[in-house]
Protein chains: 2
Amino acid sequence: MIQINGKRLIDDIDRLSGIGLGEEGKRTRTAATDADKAGRDAVCTWMREAGMQITIDRVGNIFGVWDCAPEDHVDTAPLMLGSHIDTVINAGKYDGCLGVLAGIEVVRTMQENGITPDRPIVVAAFTNEEGVRYAPDMLGSLVFAGGMSADEALAVRGIDNTVLGEELARIGYAGKPCDLLTPCAFIELHIEQGPILYRENIRIGAVEDLQGIAWYEITVTGHQNHAGTTPTHMRCDAGLAAAKINIFLRKHCEMAGSRTVATVGTCSFEPNAVNVIPGKAIFTVDLRNPDEACLQAEEQALTDYLKELEQTDQVRITARRVSRFEPVVFDQGIVEKIESAARSRGLSCRRMTSGAGQDAQNLATICPTAMIFVPSVGGISHDPEEYTRDQDIINGANILLDIAVDITTRR
Amino acid sequence: MIQINGKRLIDDIDRLSGIGLGEEGKRTRTAATDADKAGRDAVCTWMREAGMQITIDRVGNIFGVWDCAPEDHVDTAPLMLGSHIDTVINAGKYDGCLGVLAGIEVVRTMQENGITPDRPIVVAAFTNEEGVRYAPDMLGSLVFAGGMSADEALAVRGIDNTVLGEELARIGYAGKPCDLLTPCAFIELHIEQGPILYRENIRIGAVEDLQGIAWYEITVTGHQNHAGTTPTHMRCDAGLAAAKINIFLRKHCEMAGSRTVATVGTCSFEPNAVNVIPGKAIFTVDLRNPDEACLQAEEQALTDYLKELEQTDQVRITARRVSRFEPVVFDQGIVEKIESAARSRGLSCRRMTSGAGQDAQNLATICPTAMIFVPSVGGISHDPEEYTRDQDIINGANILLDIAVDITTRR
């Protein structure tokens, strides 16, 4: 059974993680910044060293193409592996980077073991997955999958008032219209970014679907009033109504069989004074479920509860849906390949849902797609404490290798 | 039955309310500002026109002394009427001002009706009742009642980094050690600032006590985590625990017979991001009850609940008590006089609790004290919409007159 070179992959991760360390050693490579350019340059160098041709598309997606028989492969759909290398602010080492660097390592390993794929293998590093600097997140893969035009994407203005297209040109990563064929499949290796594999002590996650997401901004308007002089039964406390909504959501998530998760992540009161009953409470709700019908039912239940609360608590409530993604179901065949590969290598494996958004969800709209998860220690991500054990990195990359070999040598 | 001059009193309120109108017509006369000086000057002029001698003490409290027989009254404790004329930011017309201006009007009315009091009548306007610029609130009356030294008060630094003593000197209201005798009684006419009289359509409130207050700043620490990847049963959501505390407090207030009011007036989450489970929730609790034992029991119940929540929700909670005032019980004899006077004038009257802090609570520590409340339309206060109908103003001032006549002509 062939193996990737674990030390080489870990070294690559460490080298890339050293790029973009700013003040106080905080790692930040948000999209199309100088730090992102430095990371891209390193990745392109390693791709070239692995014999790959670099293609940059208009939104700066990097494609490293390994094609050992270009003449034979005309009109042959490539296998695509990959993820992203842009980061959040004060990020960890693994999120995204693992999928890209493991892709390169898979190509090297196949070459070193004399395995000749029957189609090109492309390693992709998609632009602006995190969405910290430019909205939406997963922008590069969205454009690649045809969900947004390149022109529209390039015109996006960032939180720092920069324009994505100008910044890509500035760092030398504004490329040309992509001439790649639609992949025959896309496989993304990623850290779980959640606690399930770690807590259950399972080595490999075969990701079969990805949660749908609904984001709401909710404003409750009550009556601002004196905290001392207003009797309890005469209060219309916007903050209290907000608290009830938070608890309602949790109760719904705790119902038997529910696969919903709900989060009230932001909250502010007005006027926000110790001795004034809040006249306004503004907060967000993040609702997720891997099943579209279930997610819709949760949204309806929330809407119904808000109406009920308007009556019982004499408040006005407006709920604005600010974001909505449908759940994604990944390719059953690839998921089974992941399970089978894990079994062959003696690695425990479970099917699971991706709680986070991923480039894979965009690729899934154009080709058979799935993801491989490896455990995040303590479930921590988007944090310098983000950590995945070396052996889990190596296990994940080996599974990625197995699938790549399987798909590109089956004819 | 003698009557105050309603038109004259309403005119005084209107004239004083015109002082301190800043940009956009917002009324602001915070303590020891130029606007406060202008308000003080007007009040002193009206006191002098009513034949009163002005005394300013070291912390700027204004005392207008009407003593029609100074030789006879040596060593005779005066009757004190009054309140304050400093305001919050963007204030209404009535809060505080009513008690001072009605006191002057009572003196005028007694003079015009040839009533000779058997002791001096002093009308007081206490410094910095609102506490917006300098802490603590009710500072002037606190110093007058001996609860704080004048030196300490004068050294207080305001939110604008000014020093109270310097500002009082600058506006010409730094006076001399007070040589007034301890009053035989203190009566404060005030708008209710709450909705009870207005909702119950009652004309006069005989205020028999004043709520004790406990303020807490509570910090809940959970685990900051990804909103999508963290299963419900693995969450330690600080915001959810905060919501539970808010609801616990409301349930306690709604228990049969409870006289407690509780308010969560401020709230903030960290990191406060839509897709991150809050790792921290910081909020305030304002707890009030007119009975000290009950207030202590509420504080204990809250403390017990926080301990319980630490177990059930796996969070850490710290509660810092940032302010505490014991309840005040006013003088039963004066409360009865208010009820009796209302009855004589055919005005509906109920006993009630002051939900807000008042200068009267400090005076209550040195002499028999009570308050008269008149209805606030809609319960609104500390707002330009603050409004009390002219007839209610006149009613309240007439009751103040009746008590003043009763107390100063009974021998």
# chains A, B, ... in the order shown; residues from 1 in each chain; ligands from 1
>>> select_by_dssp(residues="segment 48-160 of chain A", states="helix (DSSP H, G or I)", output="tab-separated table (two decimals) with N, CA, C and O atoms, in the first residue's frame")
chain	number	residue	atom	x	y	z
A	48	ARG	N	5.10	23.81	-9.12
A	48	ARG	CA	6.04	23.71	-10.26
A	48	ARG	C	7.09	22.66	-9.99
A	48	ARG	O	7.45	21.87	-10.86
A	49	GLU	N	7.61	22.64	-8.75
A	49	GLU	CA	8.61	21.64	-8.38
A	49	GLU	C	8.06	20.23	-8.52
A	49	GLU	O	8.82	19.27	-8.74
A	97	CYS	N	-5.46	25.11	4.05
A	97	CYS	CA	-4.11	24.77	3.59
A	97	CYS	C	-3.92	23.26	3.44
A	97	CYS	O	-3.27	22.79	2.49
A	98	LEU	N	-4.46	22.49	4.39
A	98	LEU	CA	-4.30	21.04	4.35
A	98	LEU	C	-4.76	20.46	3.01
A	98	LEU	O	-4.06	19.63	2.41
A	99	GLY	N	-5.91	20.90	2.54
A	99	GLY	CA	-6.48	20.34	1.30
A	99	GLY	C	-5.63	20.64	0.08
A	99	GLY	O	-5.53	19.82	-0.84
A	100	VAL	N	-5.03	21.83	0.06
A	100	VAL	CA	-4.19	22.22	-1.07
A	100	VAL	C	-2.86	21.47	-1.01
A	100	VAL	O	-2.42	20.85	-1.99
A	101	LEU	N	-2.21	21.51	0.13
A	101	LEU	CA	-0.87	20.92	0.25
A	101	LEU	C	-0.92	19.39	0.16
A	101	LEU	O	-0.02	18.77	-0.41
A	102	ALA	N	-1.98	18.80	0.68
A	102	ALA	CA	-2.13	17.35	0.55
A	102	ALA	C	-2.35	16.97	-0.91
A	102	ALA	O	-1.89	15.92	-1.37
A	103	GLY	N	-3.04	17.84	-1.66
A	103	GLY	CA	-3.23	17.60	-3.09
A	103	GLY	C	-1.89	17.53	-3.80
A	103	GLY	O	-1.63	16.63	-4.62
A	104	ILE	N	-1.02	18.50	-3.50
A	104	ILE	CA	0.32	18.51	-4.11
A	104	ILE	C	1.08	17.24	-3.70
A	104	ILE	O	1.75	16.59	-4.51
A	105	GLU	N	0.97	16.88	-2.43
A	105	GLU	CA	1.68	15.70	-1.92
A	105	GLU	C	1.18	14.42	-2.59
A	105	GLU	O	1.96	13.49	-2.87
A	106	VAL	N	-0.12	14.36	-2.88
A	106	VAL	CA	-0.67	13.20	-3.59
A	106	VAL	C	-0.03	13.07	-4.98
A	106	VAL	O	0.38	11.98	-5.40
A	107	VAL	N	0.10	14.20	-5.67
A	107	VAL	CA	0.72	14.18	-7.01
A	107	VAL	C	2.17	13.69	-6.91
A	107	VAL	O	2.61	12.81	-7.67
A	108	ARG	N	2.93	14.25	-5.96
A	108	ARG	CA	4.32	13.81	-5.78
A	108	ARG	C	4.39	12.30	-5.51
A	108	ARG	O	5.22	11.59	-6.08
A	109	THR	N	3.50	11.83	-4.64
A	109	THR	CA	3.55	10.42	-4.24
A	109	THR	C	3.23	9.51	-5.42
A	109	THR	O	3.88	8.47	-5.63
A	110	MET	N	2.25	9.91	-6.21
A	110	MET	CA	1.92	9.08	-7.39
A	110	MET	C	3.10	9.05	-8.34
A	110	MET	O	3.46	7.99	-8.88
A	111	GLN	N	3.74	10.23	-8.54
A	111	GLN	CA	4.91	10.27	-9.43
A	111	GLN	C	6.01	9.36	-8.91
A	111	GLN	O	6.60	8.56	-9.65
A	112	GLU	N	6.31	9.47	-7.61
A	112	GLU	CA	7.41	8.70	-7.04
A	112	GLU	C	7.13	7.19	-7.07
A	112	GLU	O	8.05	6.38	-7.04
A	139	LEU	N	-15.88	32.63	-2.58
A	139	LEU	CA	-16.08	33.39	-3.81
A	139	LEU	C	-15.40	32.75	-5.02
A	139	LEU	O	-16.00	32.63	-6.09
A	140	GLY	N	-14.14	32.33	-4.84
A	140	GLY	CA	-13.39	31.78	-5.97
A	140	GLY	C	-14.04	30.52	-6.52
A	140	GLY	O	-14.21	30.37	-7.74
A	141	SER	N	-14.41	29.61	-5.64
A	141	SER	CA	-15.04	28.36	-6.10
A	141	SER	C	-16.43	28.64	-6.66
A	141	SER	O	-16.88	27.95	-7.59
A	142	LEU	N	-17.10	29.67	-6.13
A	142	LEU	CA	-18.42	30.02	-6.65
A	142	LEU	C	-18.32	30.48	-8.11
A	142	LEU	O	-19.10	30.06	-8.97
A	143	VAL	N	-17.32	31.30	-8.39
A	143	VAL	CA	-17.11	31.76	-9.77
A	143	VAL	C	-16.71	30.58	-10.66
A	143	VAL	O	-17.23	30.42	-11.76
A	144	PHE	N	-15.81	29.73	-10.15
A	144	PHE	CA	-15.37	28.59	-10.94
A	144	PHE	C	-16.55	27.69	-11.31
A	144	PHE	O	-16.63	27.17	-12.42
A	150	ALA	N	-17.32	36.34	-13.23
A	150	ALA	CA	-16.01	36.86	-12.83
A	150	ALA	C	-16.04	38.38	-12.74
A	150	ALA	O	-15.45	38.97	-11.83
A	151	ASP	N	-16.77	39.02	-13.65
A	151	ASP	CA	-16.84	40.49	-13.62
A	151	ASP	C	-17.43	40.99	-12.31
A	151	ASP	O	-16.93	41.93	-11.71
A	152	GLU	N	-18.51	40.33	-11.92
A	152	GLU	CA	-19.16	40.73	-10.66
A	152	GLU	C	-18.21	40.52	-9.47
A	152	GLU	O	-18.08	41.38	-8.60
A	153	ALA	N	-17.55	39.39	-9.47
A	153	ALA	CA	-16.64	39.07	-8.36
A	153	ALA	C	-15.50	40.07	-8.29
A	153	ALA	O	-15.12	40.54	-7.21
A	154	LEU	N	-14.94	40.42	-9.44
A	154	LEU	CA	-13.79	41.32	-9.46
A	154	LEU	C	-14.16	42.73	-8.99
A	154	LEU	O	-13.31	43.48	-8.55
>>> residues_around(residues="Thr263 of chain A", least_positions_apart="3", cutoff="8 Å", atoms="only C-alpha atoms", output="VMD selection string")
(chain A and resid 246 249 284 to 287) or (chain B and resid 227 274 to 277)
>>> residues_around(residues="Ala32 of chain B", least_positions_apart="2", cutoff="10 Å", atoms="only C-alpha atoms", output="MDAnalysis selection string")
chainID B and resid 29:30 34:38 40 60 86 127:128 133:134 162:174
>>> residues_around(residues="Val328 of chain B", least_positions_apart="6", cutoff="7 Å", atoms="only C-alpha atoms", output="VMD selection string")
chain B and resid 209 to 211 361
>>> write_last_selection(atoms="all heavy atoms", output="compact mmCIF listing (two decimals), in the first residue's frame")
# COMPACT_ATOMS: atom_id res chain seq x y z
N ASP B 209 -42.65 54.84 50.75
CA ASP B 209 -41.31 54.26 50.83
C ASP B 209 -40.61 54.36 49.48
O ASP B 209 -41.20 54.82 48.49
CB ASP B 209 -41.33 52.81 51.33
CG ASP B 209 -42.29 51.92 50.55
OD1 ASP B 209 -42.73 52.33 49.45
OD2 ASP B 209 -42.59 50.82 51.04
N LEU B 210 -39.38 53.95 49.46
CA LEU B 210 -38.55 54.08 48.26
C LEU B 210 -37.74 52.79 48.15
O LEU B 210 -37.15 52.32 49.12
CB LEU B 210 -37.65 55.31 48.42
CG LEU B 210 -36.80 55.74 47.25
CD1 LEU B 210 -36.76 57.27 47.17
CD2 LEU B 210 -35.38 55.23 47.38
N GLN B 211 -37.75 52.23 46.95
CA GLN B 211 -37.14 50.91 46.74
C GLN B 211 -35.65 50.88 47.05
O GLN B 211 -34.93 51.81 46.70
CB GLN B 211 -37.32 50.50 45.28
CG GLN B 211 -38.73 50.18 44.89
CD GLN B 211 -38.82 49.73 43.45
OE1 GLN B 211 -39.31 48.66 43.19
NE2 GLN B 211 -38.34 50.51 42.53
N GLN B 361 -34.68 60.61 49.84
CA GLN B 361 -34.15 59.46 50.56
C GLN B 361 -32.98 59.87 51.45
O GLN B 361 -32.76 59.27 52.50
CB GLN B 361 -33.75 58.33 49.59
CG GLN B 361 -32.49 58.56 48.81
CD GLN B 361 -32.34 57.54 47.68
OE1 GLN B 361 -33.13 57.51 46.74
NE2 GLN B 361 -31.33 56.71 47.80
>>> atom_distance(atom1="atom CA of Gly146 of chain A", atom2="atom CA of Cys367 of chain A")
12.1 Å
>>> residues_around(residues="segment 318-320 of chain A", least_positions_apart="6", cutoff="6 Å", atoms="only C-alpha atoms", output="ChimeraX atom specification")
/A:216-219
>>> write_last_selection(atoms="N, CA, C and O atoms", output="tab-separated table (two decimals), in the first residue's frame")
chain	number	residue	atom	x	y	z
A	216	TYR	N	-30.47	35.23	10.12
A	216	TYR	CA	-31.46	36.28	10.33
A	216	TYR	C	-30.88	37.39	11.19
A	216	TYR	O	-30.10	37.14	12.11
A	217	GLU	N	-31.30	38.62	10.90
A	217	GLU	CA	-31.08	39.72	11.83
A	217	GLU	C	-32.45	40.08	12.39
A	217	GLU	O	-33.36	40.42	11.62
A	218	ILE	N	-32.59	39.97	13.69
A	218	ILE	CA	-33.90	40.17	14.32
A	218	ILE	C	-33.86	41.42	15.19
A	218	ILE	O	-32.91	41.63	15.95
A	219	THR	N	-34.88	42.23	15.02
A	219	THR	CA	-34.99	43.45	15.84
A	219	THR	C	-36.29	43.37	16.63
A	219	THR	O	-37.37	43.25	16.04
